[in-house]
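Undergrad: Sharing a structure here in structure tokens format.
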Amino acid sequence: MSDDDNENDLIAGHGVIVRAANGDVIRYDPTGLVMRLSDRVIADIALRMGQQPGTPDAPVVANQETIDTDDLLEGIDAWGVTRDGDWLRFTARMPGAQGIRGFRRHVDGGAVLGDGPGAVLGILALGGPRAALATPGAPAYPHHITAPEDDIGAVGMAGIEPAPETDRLEPLRECTHEALVAEVILDWQMEKFEPLPLIVARAETDNAPSAADLARGQAVENLITAARNLKSAAARMGKRAKILAIHLDYALEHVTGDATAYRDGMLAAMQRIEDALWSLGYDKPLFVARFEGGLDPATAPAALEGQWELTWNHGDHRLIHSAPSYTFARDRFDRPTDDARRQMAEMTAAAIAAGENWRCPTLFLAERETGDRATIRATAQGDGPLILDADAPAGFALIGDEAGATITGVDVAPDDPQAVLIRCDTPPEGANLRLAYGAGTPGGLRDSWSMDSRTGITLHRWALPAILPVHEGRNA
């Protein structure tokens, strides 16, 4: 029997019987039926059996007493110290933007952690080498943004070896995209005078040359380990764990195969992650990606078109794109500037907050305007009317044109607020004529959503890149 046959048998032996909004409830696999119960059901069963489990927002308090902490908290400006099981809980004035508030530290030592109510949150990432980009130095909230205590930091094992398992957390020494997203979320909480959660950030990267290799590589397994470590660390504090989002940062690294291969590889990666998280008791995760347009559509057409395919064909996976990459400034080494990295994090945080309701305008059809072969109508799907924020060509370009046509004007269609008309000086022609948007060039098409950035600019929700075949008009 071939490897493909074995793989098909394995897929056929797994399935879902009952599915809820937050994920699968009853599945089957070769071992039989598998049921996942909610935290509230587990707590109710434990109470009926005479146990007293910690609830997600109110961990069990044991042996709470005031103690002398001269040695345990030496050098920390702390007061109101109590012992809660194996933890010291106290109010303190600590470095960071969080101000004076509650913290905790294990009686065996280790990191001082922010002590807010609610779940311990996770922002995890899977990507290629670019996902390892980090700014040296701790986040603005050093005791609320952490990583598993494995001395690896915010970026994992680069797909080279397995990540260790641990139930402890430690501060970050650098700020990855995920750490910056956590920082943005905590900034918002501070502005609203709401609790500051404890957040675990970890990015696992891989040098995989294709999305298929990424899906079956060590980085995915290490991300699952990070999720397991998050759950263990939360349980050690008597809390539940919750994954806010999994950031997918792999696109331009896909240098083998075609667009379909990229899409299928990313679908396989998401499925592998979802299956593992379900077995750990997590809800169905939200995947968030940034749409990478590349420097030139000729450099990575498979990755660009594959991302577009993924926006439309991601099955029942909870996938959204936070923003296209062309909106962010780059330095001379083609790396995002410090301000751009903050803006990327703000867009990712906004997308996470909106969840599956977040939708960047996405072009899906290009066809010649009826009766005018020199005009191409590009139709999008988005959240509200389109807005053009740049002069022609506004990010649009012709690929495969053999007539030497030039784009002279771009306007929102008067009869359709989610379509634009691209006007040319002469009818473009070619057997493989395509219309590109945002591919290797900044685009000027967005919707009405906006948000003020801490970098001093207004952020908008720009349209995603696309390369579309130009069809003849329906009545041509």
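Naming works like this for the structure tokens: A, B, ... for the chains as they're shown, residue 1 at the start of each chain, ligands 1 onward in shown order.
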Residues at most 7 Å from Gly395 of chain A, counting only C-alpha atoms, excluding those fewer than 2 positions away in the same chain, as a list in words?

TA: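 Residues meeting the cut-off are Pro393, Ala397, Tyr437, Gly438, Thr441, Pro442, Gly443 and Gly444 of chain A.
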
Undergrad: Find the residues near Thr375 of chain A: any atom within 7 Å, counting only C-alpha atoms, skip ones fewer than 4 places away on the same chain, and give them as a ChimeraX atom specification.

TA: /A:368-369,421-424

Undergrad: Please compute the atom CA of Leu435 of chain A-atom CA of Pro385 of chain A distance, one decimal, in Å.

TA: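 One can read the atom CA of Leu435 of chain A to atom CA of Pro385 of chain A distance as 20.9 Å.
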
Undergrad: For Ala154 of chain A, please output as an mmCIF file with all heavy atoms, in the first residue's frame all residues within 10 Å (counting only C-alpha atoms; exclusion window: fewer than 2 positions along the same chain).

TA:
data_model
loop_
_atom_site.group_PDB
_atom_site.id
_atom_site.type_symbol
_atom_site.label_atom_id
_atom_site.label_comp_id
_atom_site.auth_asym_id
_atom_site.auth_seq_id
_atom_site.Cartn_x
_atom_site.Cartn_y
_atom_site.Cartn_z
ATOM 1 N N LEU A 124 -0.115 33.087 19.455
ATOM 2 C CA LEU A 124 0.914 32.223 18.895
ATOM 3 C C LEU A 124 1.076 32.508 17.413
ATOM 4 O O LEU A 124 0.203 33.111 16.780
ATOM 5 C CB LEU A 124 0.551 30.755 19.129
ATOM 6 C CG LEU A 124 0.178 30.370 20.567
ATOM 7 C CD1 LEU A 124 -0.146 28.882 20.655
ATOM 8 C CD2 LEU A 124 1.293 30.735 21.549
ATOM 9 N N ALA A 132 10.562 35.749 12.474
ATOM 10 C CA ALA A 132 11.466 35.847 13.629
ATOM 11 C C ALA A 132 11.944 37.270 13.866
ATOM 12 O O ALA A 132 12.679 37.521 14.827
ATOM 13 C CB ALA A 132 12.670 34.927 13.426
ATOM 14 N N ALA A 134 12.403 40.686 15.309
ATOM 15 C CA ALA A 134 12.062 41.180 16.640
ATOM 16 C C ALA A 134 12.911 42.396 16.978
ATOM 17 O O ALA A 134 14.038 42.537 16.508
ATOM 18 C CB ALA A 134 12.259 40.090 17.697
ATOM 19 N N ILE A 145 3.361 40.398 29.429
ATOM 20 C CA ILE A 145 3.620 39.763 28.130
ATOM 21 C C ILE A 145 4.797 38.825 28.316
ATOM 22 O O ILE A 145 5.932 39.264 28.553
ATOM 23 C CB ILE A 145 3.922 40.818 27.049
ATOM 24 C CG1 ILE A 145 2.777 41.831 26.969
ATOM 25 C CG2 ILE A 145 4.128 40.145 25.701
ATOM 26 C CD1 ILE A 145 3.030 42.972 26.008
ATOM 27 N N THR A 146 4.553 37.537 28.221
ATOM 28 C CA THR A 146 5.534 36.533 28.599
ATOM 29 C C THR A 146 5.674 35.464 27.525
ATOM 30 O O THR A 146 5.002 35.493 26.497
ATOM 31 C CB THR A 146 5.120 35.869 29.923
ATOM 32 O OG1 THR A 146 3.875 35.171 29.717
ATOM 33 C CG2 THR A 146 4.943 36.898 31.032
ATOM 34 N N ALA A 147 6.549 34.505 27.795
ATOM 35 C CA ALA A 147 6.732 33.322 26.949
ATOM 36 C C ALA A 147 6.943 32.121 27.865
ATOM 37 O O ALA A 147 7.222 32.289 29.058
ATOM 38 C CB ALA A 147 7.932 33.503 26.021
ATOM 39 N N PRO A 148 6.799 30.900 27.362
ATOM 40 C CA PRO A 148 7.135 29.734 28.186
ATOM 41 C C PRO A 148 8.564 29.820 28.695
ATOM 42 O O PRO A 148 9.463 30.268 27.981
ATOM 43 C CB PRO A 148 6.951 28.560 27.213
ATOM 44 C CG PRO A 148 5.964 29.051 26.205
ATOM 45 C CD PRO A 148 6.260 30.509 26.035
ATOM 46 N N ASP A 151 13.908 29.394 28.158
ATOM 47 C CA ASP A 151 15.112 30.129 27.783
ATOM 48 C C ASP A 151 15.263 30.268 26.272
ATOM 49 O O ASP A 151 16.373 30.402 25.766
ATOM 50 C CB ASP A 151 16.362 29.469 28.382
ATOM 51 C CG ASP A 151 17.538 30.440 28.481
ATOM 52 O OD1 ASP A 151 17.275 31.633 28.697
ATOM 53 O OD2 ASP A 151 18.694 30.012 28.314
ATOM 54 N N ILE A 152 14.141 30.214 25.559
ATOM 55 C CA ILE A 152 14.171 30.384 24.107
ATOM 56 C C ILE A 152 13.784 31.809 23.730
ATOM 57 O O ILE A 152 14.306 32.376 22.791
ATOM 58 C CB ILE A 152 13.221 29.375 23.423
ATOM 59 C CG1 ILE A 152 13.694 27.944 23.687
ATOM 60 C CG2 ILE A 152 13.160 29.626 21.916
ATOM 61 C CD1 ILE A 152 12.725 26.885 23.199
ATOM 62 N N GLY A 156 10.773 30.695 18.688
ATOM 63 C CA GLY A 156 11.041 29.319 19.077
ATOM 64 C C GLY A 156 12.290 28.707 18.486
ATOM 65 O O GLY A 156 13.307 29.379 18.296
ATOM 66 N N GLU A 170 8.147 33.209 31.605
ATOM 67 C CA GLU A 170 9.254 34.135 31.839
ATOM 68 C C GLU A 170 9.062 35.383 30.982
ATOM 69 O O GLU A 170 8.352 35.350 29.964
ATOM 70 C CB GLU A 170 10.592 33.469 31.506
ATOM 71 C CG GLU A 170 10.767 33.097 30.038
ATOM 72 C CD GLU A 170 12.092 32.412 29.775
ATOM 73 O OE1 GLU A 170 12.862 32.226 30.727
ATOM 74 O OE2 GLU A 170 12.355 32.065 28.601
ATOM 75 N N PRO A 171 9.692 36.503 31.371
ATOM 76 C CA PRO A 171 9.570 37.737 30.583
ATOM 77 C C PRO A 171 10.250 37.592 29.226
ATOM 78 O O PRO A 171 11.114 36.729 29.019
ATOM 79 C CB PRO A 171 10.280 38.789 31.451
ATOM 80 C CG PRO A 171 10.398 38.176 32.804
ATOM 81 C CD PRO A 171 10.473 36.700 32.603
ATOM 82 N N LEU A 172 9.869 38.466 28.293
ATOM 83 C CA LEU A 172 10.474 38.487 26.965
ATOM 84 C C LEU A 172 11.685 39.411 26.939
ATOM 85 O O LEU A 172 11.702 40.441 27.602
ATOM 86 C CB LEU A 172 9.455 38.961 25.919
ATOM 87 C CG LEU A 172 8.213 38.095 25.727
ATOM 88 C CD1 LEU A 172 7.344 38.674 24.638
ATOM 89 C CD2 LEU A 172 8.590 36.666 25.390
ATOM 90 N N ARG A 173 12.659 39.023 26.137
ATOM 91 C CA ARG A 173 13.854 39.860 25.953
ATOM 92 C C ARG A 173 13.795 40.637 24.649
ATOM 93 O O ARG A 173 14.657 41.458 24.374
ATOM 94 C CB ARG A 173 15.109 38.970 25.962
ATOM 95 C CG ARG A 173 15.289 38.175 27.245
ATOM 96 C CD ARG A 173 16.551 37.335 27.197
ATOM 97 N NE ARG A 173 16.455 36.254 26.236
ATOM 98 C CZ ARG A 173 15.953 35.053 26.514
ATOM 99 N NH1 ARG A 173 15.476 34.805 27.731
ATOM 100 N NH2 ARG A 173 15.902 34.109 25.597
ATOM 101 N N GLU A 174 12.785 40.356 23.831
ATOM 102 C CA GLU A 174 12.631 41.030 22.552
ATOM 103 C C GLU A 174 11.147 41.075 22.204
ATOM 104 O O GLU A 174 10.339 40.347 22.769
ATOM 105 C CB GLU A 174 13.403 40.311 21.447
ATOM 106 C CG GLU A 174 12.966 38.885 21.173
ATOM 107 C CD GLU A 174 13.515 37.874 22.142
ATOM 108 O OE1 GLU A 174 14.696 37.985 22.500
ATOM 109 O OE2 GLU A 174 12.759 36.982 22.569
ATOM 110 N N CYS A 175 10.801 41.950 21.246
ATOM 111 C CA CYS A 175 9.406 42.131 20.849
ATOM 112 C C CYS A 175 9.189 41.664 19.414
ATOM 113 O O CYS A 175 9.610 42.321 18.460
ATOM 114 C CB CYS A 175 8.999 43.599 20.963
ATOM 115 S SG CYS A 175 8.598 44.117 22.628
ATOM 116 N N THR A 176 8.548 40.539 19.249
ATOM 117 C CA THR A 176 8.114 40.079 17.941
ATOM 118 C C THR A 176 6.787 40.756 17.592
ATOM 119 O O THR A 176 6.236 41.531 18.376
ATOM 120 C CB THR A 176 7.905 38.561 17.950
ATOM 121 O OG1 THR A 176 6.945 38.255 18.976
ATOM 122 C CG2 THR A 176 9.207 37.823 18.229
ATOM 123 N N HIS A 177 6.257 40.437 16.422
ATOM 124 C CA HIS A 177 4.951 40.964 16.037
ATOM 125 C C HIS A 177 3.897 40.582 17.065
ATOM 126 O O HIS A 177 3.059 41.414 17.462
ATOM 127 C CB HIS A 177 4.562 40.424 14.660
ATOM 128 C CG HIS A 177 3.201 40.846 14.211
ATOM 129 N ND1 HIS A 177 2.921 42.113 13.764
ATOM 130 C CD2 HIS A 177 2.021 40.157 14.164
ATOM 131 C CE1 HIS A 177 1.635 42.202 13.450
ATOM 132 N NE2 HIS A 177 1.071 41.032 13.674
ATOM 133 N N GLU A 178 3.934 39.338 17.532
ATOM 134 C CA GLU A 178 2.921 38.867 18.480
ATOM 135 C C GLU A 178 3.031 39.605 19.817
ATOM 136 O O GLU A 178 2.006 39.916 20.440
ATOM 137 C CB GLU A 178 3.074 37.355 18.694
ATOM 138 C CG GLU A 178 2.768 36.529 17.463
ATOM 139 C CD GLU A 178 3.812 36.704 16.353
ATOM 140 O OE1 GLU A 178 5.036 36.723 16.689
ATOM 141 O OE2 GLU A 178 3.424 36.831 15.182
ATOM 142 N N ALA A 179 4.263 39.890 20.262
ATOM 143 C CA ALA A 179 4.440 40.656 21.495
ATOM 144 C C ALA A 179 3.914 42.081 21.330
ATOM 145 O O ALA A 179 3.315 42.649 22.250
ATOM 146 C CB ALA A 179 5.907 40.671 21.898
ATOM 147 N N VAL A 200 0.688 35.216 26.785
ATOM 148 C CA VAL A 200 1.847 34.427 26.361
ATOM 149 C C VAL A 200 2.002 34.589 24.850
ATOM 150 O O VAL A 200 1.065 34.336 24.094
ATOM 151 C CB VAL A 200 1.682 32.942 26.724
ATOM 152 C CG1 VAL A 200 2.854 32.124 26.187
ATOM 153 C CG2 VAL A 200 1.560 32.771 28.240
ATOM 154 N N ALA A 201 3.193 35.027 24.423
ATOM 155 C CA ALA A 201 3.472 35.222 23.001
ATOM 156 C C ALA A 201 4.613 34.301 22.582
ATOM 157 O O ALA A 201 5.658 34.256 23.225
ATOM 158 C CB ALA A 201 3.849 36.678 22.721
ATOM 159 N N ARG A 202 4.403 33.582 21.501
ATOM 160 C CA ARG A 202 5.461 32.683 20.999
ATOM 161 C C ARG A 202 5.288 32.507 19.492
ATOM 162 O O ARG A 202 4.200 32.185 19.018
ATOM 163 C CB ARG A 202 5.395 31.331 21.705
ATOM 164 C CG ARG A 202 6.270 30.216 21.122
ATOM 165 C CD ARG A 202 7.760 30.572 21.056
ATOM 166 N NE ARG A 202 8.379 30.784 22.327
ATOM 167 C CZ ARG A 202 8.903 29.836 23.100
ATOM 168 N NH1 ARG A 202 8.851 28.583 22.730
ATOM 169 N NH2 ARG A 202 9.482 30.150 24.246
ATOM 170 N N ALA A 203 6.360 32.715 18.740
ATOM 171 C CA ALA A 203 6.377 32.491 17.291
ATOM 172 C C ALA A 203 7.268 31.296 16.987
ATOM 173 O O ALA A 203 8.413 31.236 17.447
ATOM 174 C CB ALA A 203 6.897 33.728 16.563
ATOM 175 N N GLU A 204 6.752 30.350 16.246
ATOM 176 C CA GLU A 204 7.536 29.198 15.806
ATOM 177 C C GLU A 204 7.770 29.326 14.305
ATOM 178 O O GLU A 204 6.825 29.516 13.532
ATOM 179 C CB GLU A 204 6.815 27.888 16.129
ATOM 180 C CG GLU A 204 6.758 27.561 17.607
ATOM 181 C CD GLU A 204 8.125 27.237 18.212
ATOM 182 O OE1 GLU A 204 9.080 26.987 17.423
ATOM 183 O OE2 GLU A 204 8.235 27.227 19.450
#

Undergrad: Skipping near chain neighbours, those fewer than 3 positions away, what residues fall within 9 Å of Gly384 of chain A using only C-alpha atoms, listed as an MDAnalysis selection string?

TA: chainID A and resid 361 381 417:418 447:449

Undergrad: Please tabulate, as JSON lines, the residues of segment 104-204 of chain A that come within 9 Å of segment 74-86 of chain A, each with its closest pair of atoms and the distance in Å to one decimal, counting only C-alpha atoms and ordering rows by chain, then residue number upward.

TA:
{"residue": "A:Arg105", "atom": "CA", "partner": "A:Asp86", "partner_atom": "CA", "distance": 8.7}
{"residue": "A:His106", "atom": "CA", "partner": "A:Asp86", "partner_atom": "CA", "distance": 5.9}
{"residue": "A:Val107", "atom": "CA", "partner": "A:Asp86", "partner_atom": "CA", "distance": 5.6}
{"residue": "A:Asp108", "atom": "CA", "partner": "A:Asp86", "partner_atom": "CA", "distance": 8.1}

Undergrad: So that I have them on file, write out the residues from the current selection with C-alpha atoms, as a PDB file, in the first residue's frame.

TA:
ATOM      1  CA  ARG A 105       5.255  35.139  42.142  1.00  0.00           C
ATOM      2  CA  HIS A 106       5.677  31.454  42.910  1.00  0.00           C
ATOM      3  CA  VAL A 107       7.115  30.588  46.326  1.00  0.00           C
ATOM      4  CA  ASP A 108       9.921  28.715  44.537  1.00  0.00           C
TER       5      ASP A 108
END

Undergrad: Would you mind listing what lies within 7 Å of segment 238-254 of chain A as a tab-separated table (two decimals) with N, CA and C atoms, in the first residue's frame, with only C-alpha atoms counted and same-chain residues fewer than 5 positions away left out?

TA:
chain	number	residue	atom	x	y	z
A	54	GLY	N	-10.96	24.98	40.75
A	54	GLY	CA	-10.89	26.41	40.49
A	54	GLY	C	-11.68	26.74	39.24
A	56	PRO	N	-12.65	29.38	36.03
A	56	PRO	CA	-11.78	30.18	35.17
A	56	PRO	C	-11.43	31.54	35.74
A	57	ASP	N	-12.37	32.21	36.41
A	57	ASP	CA	-12.13	33.57	36.87
A	57	ASP	C	-11.92	33.66	38.38
A	59	PRO	N	-9.81	31.33	40.92
A	59	PRO	CA	-9.05	30.16	41.34
A	59	PRO	C	-9.23	29.87	42.82
A	60	VAL	N	-9.06	28.60	43.18
A	60	VAL	CA	-9.21	28.18	44.57
A	60	VAL	C	-8.18	28.88	45.43
A	119	ALA	N	-8.76	34.48	32.05
A	119	ALA	CA	-7.89	33.45	31.51
A	119	ALA	C	-6.50	34.00	31.20
A	120	VAL	N	-5.54	33.09	31.13
A	120	VAL	CA	-4.22	33.41	30.58
A	120	VAL	C	-4.35	33.30	29.06
A	121	LEU	N	-4.01	34.37	28.37
A	121	LEU	CA	-4.25	34.43	26.93
A	121	LEU	C	-3.00	34.07	26.14
A	122	GLY	N	-3.19	33.50	24.97
A	122	GLY	CA	-2.07	33.15	24.11
A	122	GLY	C	-2.21	33.81	22.74
A	123	ILE	N	-1.11	34.36	22.24
A	123	ILE	CA	-1.02	34.83	20.86
A	123	ILE	C	0.17	34.09	20.25
A	124	LEU	N	-0.11	33.09	19.46
A	124	LEU	CA	0.91	32.22	18.89
A	124	LEU	C	1.08	32.51	17.41
A	125	ALA	N	2.19	32.08	16.86
A	125	ALA	CA	2.45	32.35	15.44
A	125	ALA	C	3.19	31.19	14.81
A	126	LEU	N	2.91	31.02	13.51
A	126	LEU	CA	3.62	30.03	12.69
A	126	LEU	C	4.06	30.74	11.43
A	127	GLY	N	5.36	30.62	11.09
A	127	GLY	CA	5.82	31.32	9.90
A	127	GLY	C	7.18	30.88	9.43
A	128	GLY	N	7.66	31.62	8.43
A	128	GLY	CA	8.99	31.42	7.90
A	128	GLY	C	10.00	32.28	8.62
A	131	ALA	N	9.20	35.77	10.15
A	131	ALA	CA	8.40	35.86	11.36
A	131	ALA	C	9.25	35.98	12.61
A	209	PRO	N	10.57	25.30	2.30
A	209	PRO	CA	10.47	25.97	0.99
A	209	PRO	C	9.07	25.97	0.40
A	210	SER	N	8.15	25.26	1.03
A	210	SER	CA	6.77	25.22	0.52
A	210	SER	C	5.81	25.13	1.70
A	211	ALA	N	4.56	25.53	1.45
A	211	ALA	CA	3.55	25.46	2.49
A	211	ALA	C	3.30	24.02	2.92
A	230	LEU	N	1.16	26.73	27.47
A	230	LEU	CA	0.24	27.77	27.91
A	230	LEU	C	-0.81	27.19	28.84
A	231	LYS	N	-1.36	26.06	28.47
A	231	LYS	CA	-2.39	25.43	29.30
A	231	LYS	C	-1.82	24.97	30.64
A	262	TYR	N	0.14	26.23	-2.51
A	262	TYR	CA	0.24	27.09	-1.32
A	262	TYR	C	-1.03	27.00	-0.49
A	282	TYR	N	-8.96	23.28	23.66
A	282	TYR	CA	-9.13	24.66	23.22
A	282	TYR	C	-10.31	24.78	22.26
A	285	PRO	N	-9.54	27.79	16.84
A	285	PRO	CA	-8.72	29.01	16.86
A	285	PRO	C	-9.06	29.96	15.73
A	286	LEU	N	-8.77	31.23	15.97
A	286	LEU	CA	-8.86	32.26	14.93
A	286	LEU	C	-7.47	32.41	14.31
A	287	PHE	N	-7.37	32.18	13.01
A	287	PHE	CA	-6.11	32.37	12.29
A	287	PHE	C	-6.12	33.77	11.66
A	288	VAL	N	-5.04	34.50	11.86
A	288	VAL	CA	-4.92	35.85	11.31
A	288	VAL	C	-3.64	35.91	10.47
A	289	ALA	N	-3.77	36.39	9.25
A	289	ALA	CA	-2.61	36.50	8.36
A	289	ALA	C	-2.53	37.92	7.79
A	290	ARG	N	-1.34	38.34	7.45
A	290	ARG	CA	-1.14	39.58	6.71
A	290	ARG	C	-0.88	39.22	5.26
A	292	GLU	N	0.80	39.30	1.99
A	292	GLU	CA	2.08	39.77	1.49
A	292	GLU	C	2.04	39.92	-0.03
A	294	GLY	N	4.60	41.26	-1.91
A	294	GLY	CA	5.91	41.09	-2.54
A	294	GLY	C	6.38	42.37	-3.22
A	300	ALA	N	7.04	36.27	-6.86
A	300	ALA	CA	6.38	35.23	-6.08
A	300	ALA	C	4.90	35.12	-6.47
A	303	ALA	N	2.80	32.56	-4.44
A	303	ALA	CA	2.46	32.98	-3.09
A	303	ALA	C	1.35	34.02	-3.10
A	352	ILE	N	-8.25	40.87	15.29
A	352	ILE	CA	-8.57	39.89	16.34
A	352	ILE	C	-9.81	40.34	17.10

Undergrad: Do you know which residues are at most 12 Å from segment 189-192 of chain A counting only C-alpha atoms, after dropping those on the same chain fewer than 6 positions away, and could you put them as a compact mmCIF listing (two decimals) with N, CA, C and O atoms, in the first residue's frame?

TA:
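In the end it all went to around-v3.txt:
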# COMPACT_ATOMS: atom_id res chain seq x y z
N ALA A 97 4.63 50.02 31.76
CA ALA A 97 3.55 50.99 31.55
C ALA A 97 2.29 50.65 32.33
O ALA A 97 1.32 51.41 32.28
N GLN A 98 2.29 49.54 33.06
CA GLN A 98 1.07 49.09 33.71
C GLN A 98 0.74 49.86 34.98
O GLN A 98 -0.38 49.79 35.48
N GLY A 99 1.70 50.59 35.55
CA GLY A 99 1.44 51.32 36.78
C GLY A 99 1.40 50.41 37.99
O GLY A 99 1.83 49.25 37.95
N ARG A 101 -0.18 47.94 40.43
CA ARG A 101 -1.28 46.97 40.36
C ARG A 101 -0.85 45.64 40.96
O ARG A 101 0.26 45.53 41.50
N GLY A 116 -3.99 39.55 36.90
CA GLY A 116 -5.32 40.04 36.60
C GLY A 116 -6.33 38.92 36.58
O GLY A 116 -5.97 37.74 36.56
N TYR A 141 4.89 46.27 28.71
CA TYR A 141 4.27 45.62 29.88
C TYR A 141 5.06 44.34 30.18
O TYR A 141 4.61 43.23 29.88
N ALA A 182 0.19 42.01 21.58
CA ALA A 182 -0.18 41.96 23.00
C ALA A 182 -0.06 43.34 23.63
O ALA A 182 -0.91 43.74 24.44
N GLU A 183 0.98 44.06 23.27
CA GLU A 183 1.19 45.42 23.81
C GLU A 183 0.04 46.34 23.41
O GLU A 183 -0.45 47.14 24.22
N LEU A 198 -2.85 38.46 31.53
CA LEU A 198 -1.52 37.90 31.33
C LEU A 198 -1.52 37.22 29.96
O LEU A 198 -2.39 36.41 29.66
